[in-house]
Amino acid sequence: MTDGVDPRPDFVIAGATVVDGTGAPGRTADVTVRGGRVVSVGRCADEVCERIEADGLMLAPGFVDPHTHYDAQLFWDPAASPSNLHGVTSVVGGNCSFALAPLHASDAEFTRRMMGRVEGMPLGALEAGVPWSWTTFGEYLDALEGRIAVNAGFFAGQSALRRFVLGPGANVTAADATTLPQLEAALAEALAAGALGLSVDGSTAHQDADGAPIPAKGADADELLALAAVVGRFPGTALAGIFDGGSTGWSEAELDLLPRLSATADRILNWNLLVVDAAFPERIDRQLALSDRARSVGGRIVALCMPTLVPMTMSFANYCALFLIPGWRETMALEPAERSAALRDPAVRRRLEAAANHEDAGMFRVLGDFAGYRIGETFAPGNAGCAGRTVGEIAAERGADPFDTLIDVVLADDLRTVLWPPPAGDDDAHWRLRERVWAHPDVLLAGSDAGAHLDRMCGAPYPTQFLADCLRGRRSMPVEQAVHHLSDRPARMFGLRDRGRIAEGVHADLVLFDPTTVGSESARLVHDLPGGAVRMTAGAVGVHRVFVNGVETVRDGRALDARPGRVLRSGRDTETVTAR
Ligand SMILES: [Zn+2]
């Protein structure tokens with residue numbers, strides 16, 4: 001290590017194929033690091049403290065995950081696992097309007113319960129694992145500074161700001177002449193402290209723990225435009241959001257407002273999540289039309305689209321995507337006993353099955369292949385032997401309808417059955433359509449939601465899964481383009497200074513992997529959250545080393561103790577990326 005007087009570089013990674021993030025062809029080179037920065041890319045003949053032989057391996061810039069919810073997890077898991085194992089060196093949180101600051105102490109309980117509901121973070125982990133010691137956004141960032149193993153930046157969240165300023169009525173109250181300046185001031189304070197921008201939530205899906213709309217819901221268009229203008233006053237900022245039209249098609253109101261938000265701020269607005277459904281290919285054009293509209297008014301809107309299929313579990317007992325299927329909401333919102341009673345009604349069953357497969361279900365239509373669901377854990381003696389089998393197999397054995405079979409299994413378990421929906425859209429038509437979408441200049445391959453929905457999905461491994469697919473699977477794009485999407489593209493979207501590429505002078509965020517084996521292990525459930533709650537996680541395969549700011553954080557698939565991560569603050573760590 002550098003001790004301040006040792007003139008030698010800290011280490012050289014020698015002989016790897018360097019895929020530098022720009023999309024340029026990989027080339028064999030030595031990458032030399034000193035004091036947290038890359039000091040040379042080429043031949044290294046100097047004497048160094050450590051020489052890492054990397055013949056046959058590939059060296060890429062550390063990956064940047066632009067859509068995570070690690071805001072809470074970083075306190076009990078400074079490594080942001082499992083993203084770290086998959087080569088992610090920078091994460092962005094505070095998405096979907098859900099930041100943990102600013103916060104009145106009296107609102108901590110509300111915030112914990114809301115995060116538990118909307119982002120699937122167990123209440124016990126949020127209570128035991130997070131200090132809740134801050135009021136301002138700056139104090140929140142300070143609470144993480146120096147304690148994390150990845151670089152992490154955070155949006156100011158519209159829900160957090162509105163609750164802070166407008167109180168419990170925020171979810172039904174638009175800001176007025178008195179409170180709008182307060183809201184603007186709260187946002188400005190967060191941005192001045194280093195928030196990466198503003199995240200908003202215009203979807204009706206998200207509800208707080210009591211089933212009421214989340215605080216973001218009270219906002220009107222004028223308020224949003226006013227806040228966008230505040231964002232535009234601060235350097236190195238951006239916009240992010242989740243909107244109803246993202247899954248079901250943009251309304252005229254959204255097509256009008258969202259481009260204006262971006263244009264008003266003169267900042268890129270990224271939204272999640274563009275889900276490709278080959279049954280409705282024309283929907284893709286409608287979804288991307290938002291980006292075209294934005295460009296025509298001087299804005300820029302980028303859609304996040306995952307490059308991999310995300311394994312997820314579901315159940316009829318606990319709030320999950322099943323609760324959000326259009327046409328299912330009234331039934332699933334019932335108390336468990338009444339929900340069970342409704343599910344016994346054949347008419348209700350037929351209605352639910354039809355609704356899930358209707359075009360109006362939007363992106364939730366992918367959940368409609370009930371015969372393909374695999375039964376995970378079961379609880380009732382009568383369900384013995386079902387675990388591990390598909391609903392279709394069990395239905396055939398029983399000579400029953402698949403959806404009826406699924407509901408019968410679930411009812412026998414008092415709704416608690418753990419279900420694994422089939423990977424949606426895993427066929428040639430879907431992959432061809434996705435590849436077409438990925439080529440659009442306003443589509444970014446991301447949207448893991450890592451850190452959220454802990455017990456039922458695991459999007460964090462997408463970098464290694466996508467690399468495996470590009471190197472040895474469908475080969476959707478050259479590895480250089482895949483790395484570009486995973487590192488440089490998101491880094492440039494946020495204007496991250498000296499990150500996302502391998503070049504002389506940049507921060508040494510690096511991932512060294514074996515292109516013949518890189519990939520992800522299967523997702524599995526582990527009981528390792530504070531309070532003992534369960535989460536899904538997956539290790540990586542073929543990732544030899546990960547470095548954050550020149551310090552090794554992962555070796556041979558295992559996290560080390562170092563905490564070299566930096567809180568990424570707007571202005572200091574980001575440069576301004578305008579929309580036009
Ligand atoms: Zn999200």
# chains A, B, ... in the order shown; residues from 1 in each chain; ligands from 1

call {"tool": "closest_atom_pairs", "arguments": {"of": "segment 449-555 of chain A", "to": "segment 183-205 of chain A", "cutoff": "12 Å", "atoms": "only C-alpha atoms", "output": "JSON lines"}}
result
{"residue": "A:Met493", "atom": "CA", "partner": "A:Leu196", "partner_atom": "CA", "distance": 11.3}
{"residue": "A:Phe494", "atom": "CA", "partner": "A:Leu196", "partner_atom": "CA", "distance": 7.9}
{"residue": "A:Gly495", "atom": "CA", "partner": "A:Leu196", "partner_atom": "CA", "distance": 9.9}
{"residue": "A:Leu496", "atom": "CA", "partner": "A:Leu196", "partner_atom": "CA", "distance": 10.0}

call {"tool": "residues_around", "arguments": {"residues": "segment 411-418 of chain A", "least_positions_apart": "3", "cutoff": "12 Å", "atoms": "only C-alpha atoms", "output": "MDAnalysis selection string"}}
result
chainID A and resid 312:320 332 335:345 373:384 386:389 404:408 421 455:456 525

call {"tool": "write_last_selection", "arguments": {"atoms": "N, CA and C atoms", "output": "compact mmCIF listing (two decimals), in the first residue's frame"}}
result
# COMPACT_ATOMS: atom_id res chain seq x y z
N MET A 312 -37.82 -14.43 -9.03
CA MET A 312 -38.56 -13.88 -7.90
C MET A 312 -39.55 -14.87 -7.34
N THR A 313 -39.78 -14.77 -6.03
CA THR A 313 -40.80 -15.59 -5.40
C THR A 313 -42.00 -14.73 -5.08
N MET A 314 -43.14 -15.38 -4.94
CA MET A 314 -44.36 -14.65 -4.61
C MET A 314 -45.20 -15.49 -3.66
N SER A 315 -46.18 -14.83 -3.08
CA SER A 315 -47.16 -15.58 -2.31
C SER A 315 -48.45 -14.78 -2.25
N PHE A 316 -49.52 -15.48 -1.94
CA PHE A 316 -50.82 -14.81 -1.80
C PHE A 316 -50.98 -14.23 -0.39
N ALA A 317 -50.00 -14.49 0.49
CA ALA A 317 -50.12 -14.00 1.86
C ALA A 317 -49.49 -12.63 2.01
N ASN A 318 -48.34 -12.42 1.39
CA ASN A 318 -47.58 -11.19 1.60
C ASN A 318 -47.56 -10.35 0.34
N TYR A 319 -47.69 -9.06 0.56
CA TYR A 319 -47.70 -8.07 -0.52
C TYR A 319 -46.59 -8.33 -1.52
N CYS A 320 -46.95 -8.52 -2.78
CA CYS A 320 -45.97 -8.76 -3.83
C CYS A 320 -46.63 -8.37 -5.15
N MET A 332 -57.08 -8.87 -3.46
CA MET A 332 -55.86 -9.06 -2.67
C MET A 332 -55.80 -8.09 -1.50
N GLU A 335 -58.74 -8.58 3.93
CA GLU A 335 -58.06 -9.24 5.04
C GLU A 335 -57.87 -10.72 4.68
N PRO A 336 -56.81 -11.37 5.22
CA PRO A 336 -56.51 -12.74 4.77
C PRO A 336 -57.70 -13.69 4.78
N ALA A 337 -58.51 -13.65 5.83
CA ALA A 337 -59.64 -14.60 5.89
C ALA A 337 -60.63 -14.33 4.76
N GLU A 338 -60.90 -13.04 4.51
CA GLU A 338 -61.83 -12.71 3.43
C GLU A 338 -61.21 -12.97 2.07
N ARG A 339 -59.90 -12.77 1.96
CA ARG A 339 -59.20 -13.06 0.71
C ARG A 339 -59.33 -14.56 0.40
N SER A 340 -59.14 -15.38 1.43
CA SER A 340 -59.27 -16.83 1.23
C SER A 340 -60.69 -17.18 0.80
N ALA A 341 -61.67 -16.56 1.44
CA ALA A 341 -63.06 -16.85 1.09
C ALA A 341 -63.33 -16.49 -0.36
N ALA A 342 -62.83 -15.32 -0.76
CA ALA A 342 -63.05 -14.89 -2.15
C ALA A 342 -62.39 -15.87 -3.12
N LEU A 343 -61.19 -16.35 -2.76
CA LEU A 343 -60.47 -17.25 -3.66
C LEU A 343 -61.14 -18.62 -3.79
N ARG A 344 -62.06 -18.91 -2.87
CA ARG A 344 -62.82 -20.17 -2.99
C ARG A 344 -63.93 -20.05 -4.03
N ASP A 345 -64.28 -18.83 -4.39
CA ASP A 345 -65.41 -18.58 -5.30
C ASP A 345 -64.97 -18.80 -6.75
N TYR A 373 -45.96 -21.86 -12.94
CA TYR A 373 -45.47 -21.55 -11.59
C TYR A 373 -44.89 -22.81 -10.95
N ARG A 374 -43.77 -22.64 -10.30
CA ARG A 374 -43.20 -23.76 -9.55
C ARG A 374 -43.51 -23.54 -8.06
N ILE A 375 -43.93 -24.60 -7.41
CA ILE A 375 -44.24 -24.50 -5.99
C ILE A 375 -42.94 -24.55 -5.21
N GLY A 376 -42.72 -23.55 -4.35
CA GLY A 376 -41.54 -23.54 -3.49
C GLY A 376 -41.88 -24.25 -2.19
N GLU A 377 -41.83 -23.50 -1.09
CA GLU A 377 -42.12 -24.08 0.21
C GLU A 377 -43.63 -24.23 0.40
N THR A 378 -44.04 -25.35 0.99
CA THR A 378 -45.46 -25.53 1.36
C THR A 378 -45.55 -25.79 2.86
N PHE A 379 -46.78 -25.73 3.40
CA PHE A 379 -46.94 -25.82 4.86
C PHE A 379 -47.96 -26.88 5.28
N ALA A 380 -49.03 -27.07 4.50
CA ALA A 380 -50.09 -28.00 4.89
C ALA A 380 -49.68 -29.44 4.55
N PRO A 381 -50.04 -30.40 5.42
CA PRO A 381 -49.74 -31.82 5.12
C PRO A 381 -50.29 -32.22 3.75
N GLY A 382 -51.45 -31.69 3.41
CA GLY A 382 -52.08 -32.04 2.13
C GLY A 382 -51.28 -31.60 0.92
N ASN A 383 -50.34 -30.68 1.12
CA ASN A 383 -49.51 -30.21 0.01
C ASN A 383 -48.16 -30.93 -0.07
N ALA A 384 -47.99 -31.95 0.78
CA ALA A 384 -46.73 -32.70 0.74
C ALA A 384 -46.50 -33.23 -0.68
N CYS A 386 -45.72 -31.42 -3.24
CA CYS A 386 -45.90 -30.38 -4.26
C CYS A 386 -44.63 -29.55 -4.48
N ALA A 387 -43.83 -29.39 -3.42
CA ALA A 387 -42.68 -28.50 -3.52
C ALA A 387 -41.74 -28.95 -4.64
N GLY A 388 -41.27 -27.99 -5.40
CA GLY A 388 -40.33 -28.29 -6.47
C GLY A 388 -40.99 -28.62 -7.79
N ARG A 389 -42.31 -28.81 -7.80
CA ARG A 389 -43.01 -29.17 -9.05
C ARG A 389 -43.77 -27.98 -9.59
N ASP A 404 -57.02 -23.34 -10.87
CA ASP A 404 -57.72 -23.90 -9.70
C ASP A 404 -56.74 -24.67 -8.82
N THR A 405 -55.85 -25.43 -9.44
CA THR A 405 -54.88 -26.22 -8.69
C THR A 405 -53.98 -25.30 -7.86
N LEU A 406 -53.52 -24.24 -8.49
CA LEU A 406 -52.66 -23.28 -7.78
C LEU A 406 -53.39 -22.73 -6.56
N ILE A 407 -54.62 -22.28 -6.78
CA ILE A 407 -55.37 -21.65 -5.68
C ILE A 407 -55.68 -22.68 -4.59
N ASP A 408 -55.95 -23.92 -4.99
CA ASP A 408 -56.23 -24.95 -3.98
C ASP A 408 -55.00 -25.19 -3.10
N PRO A 421 -42.85 -17.89 -9.96
CA PRO A 421 -43.41 -17.75 -11.31
C PRO A 421 -42.35 -18.13 -12.34
N ASP A 455 -37.14 -10.53 0.12
CA ASP A 455 -37.48 -11.95 0.29
C ASP A 455 -38.02 -12.58 -0.97
N ARG A 456 -38.17 -11.80 -2.03
CA ARG A 456 -38.80 -12.41 -3.19
C ARG A 456 -38.15 -12.14 -4.53
N LEU A 525 -32.54 -18.54 -0.75
CA LEU A 525 -33.01 -17.79 0.41
C LEU A 525 -32.05 -18.00 1.58

call {"tool": "residues_near_ligand", "arguments": {"ligand": "ligand 1", "cutoff": "8 Å", "atoms": "only C-alpha atoms and all ligand atoms", "output": "list in words"}}
result
His67, Thr68, His69, Asn95, Cys96, Glu119, Ile242, Asn272, Gly447, Asp449 and Ala452 of chain A

call {"tool": "write_last_selection", "arguments": {"atoms": "C-alpha atoms", "output": "CSV table (one decimal), in the first residue's frame"}}
result
chain,number,residue,atom,x,y,z
A,67,HIS,CA,-31.4,1.8,-9.7
A,68,THR,CA,-31.1,0.3,-6.3
A,69,HIS,CA,-32.7,0.7,-2.9
A,95,ASN,CA,-35.1,5.9,-6.1
A,96,CYS,CA,-38.8,5.8,-6.6
A,119,GLU,CA,-39.9,-2.0,-1.1
A,242,ILE,CA,-41.5,5.5,-11.7
A,272,ASN,CA,-38.1,2.2,-14.5
A,447,GLY,CA,-33.2,-1.6,-13.2
A,449,ASP,CA,-34.1,-2.8,-7.6
A,452,ALA,CA,-35.6,-4.0,-2.2

call {"tool": "closest_residue", "arguments": {"among": "A:Arg260, A:His206, A:Arg286, A:Arg572", "to": "Gly245 of chain A", "atoms": "only C-alpha atoms"}}
result
A:Arg286

call {"tool": "atom_distance", "arguments": {"atom1": "atom CA of Arg162 of chain A", "atom2": "atom CA of Phe137 of chain A"}}
result
13.5 Å
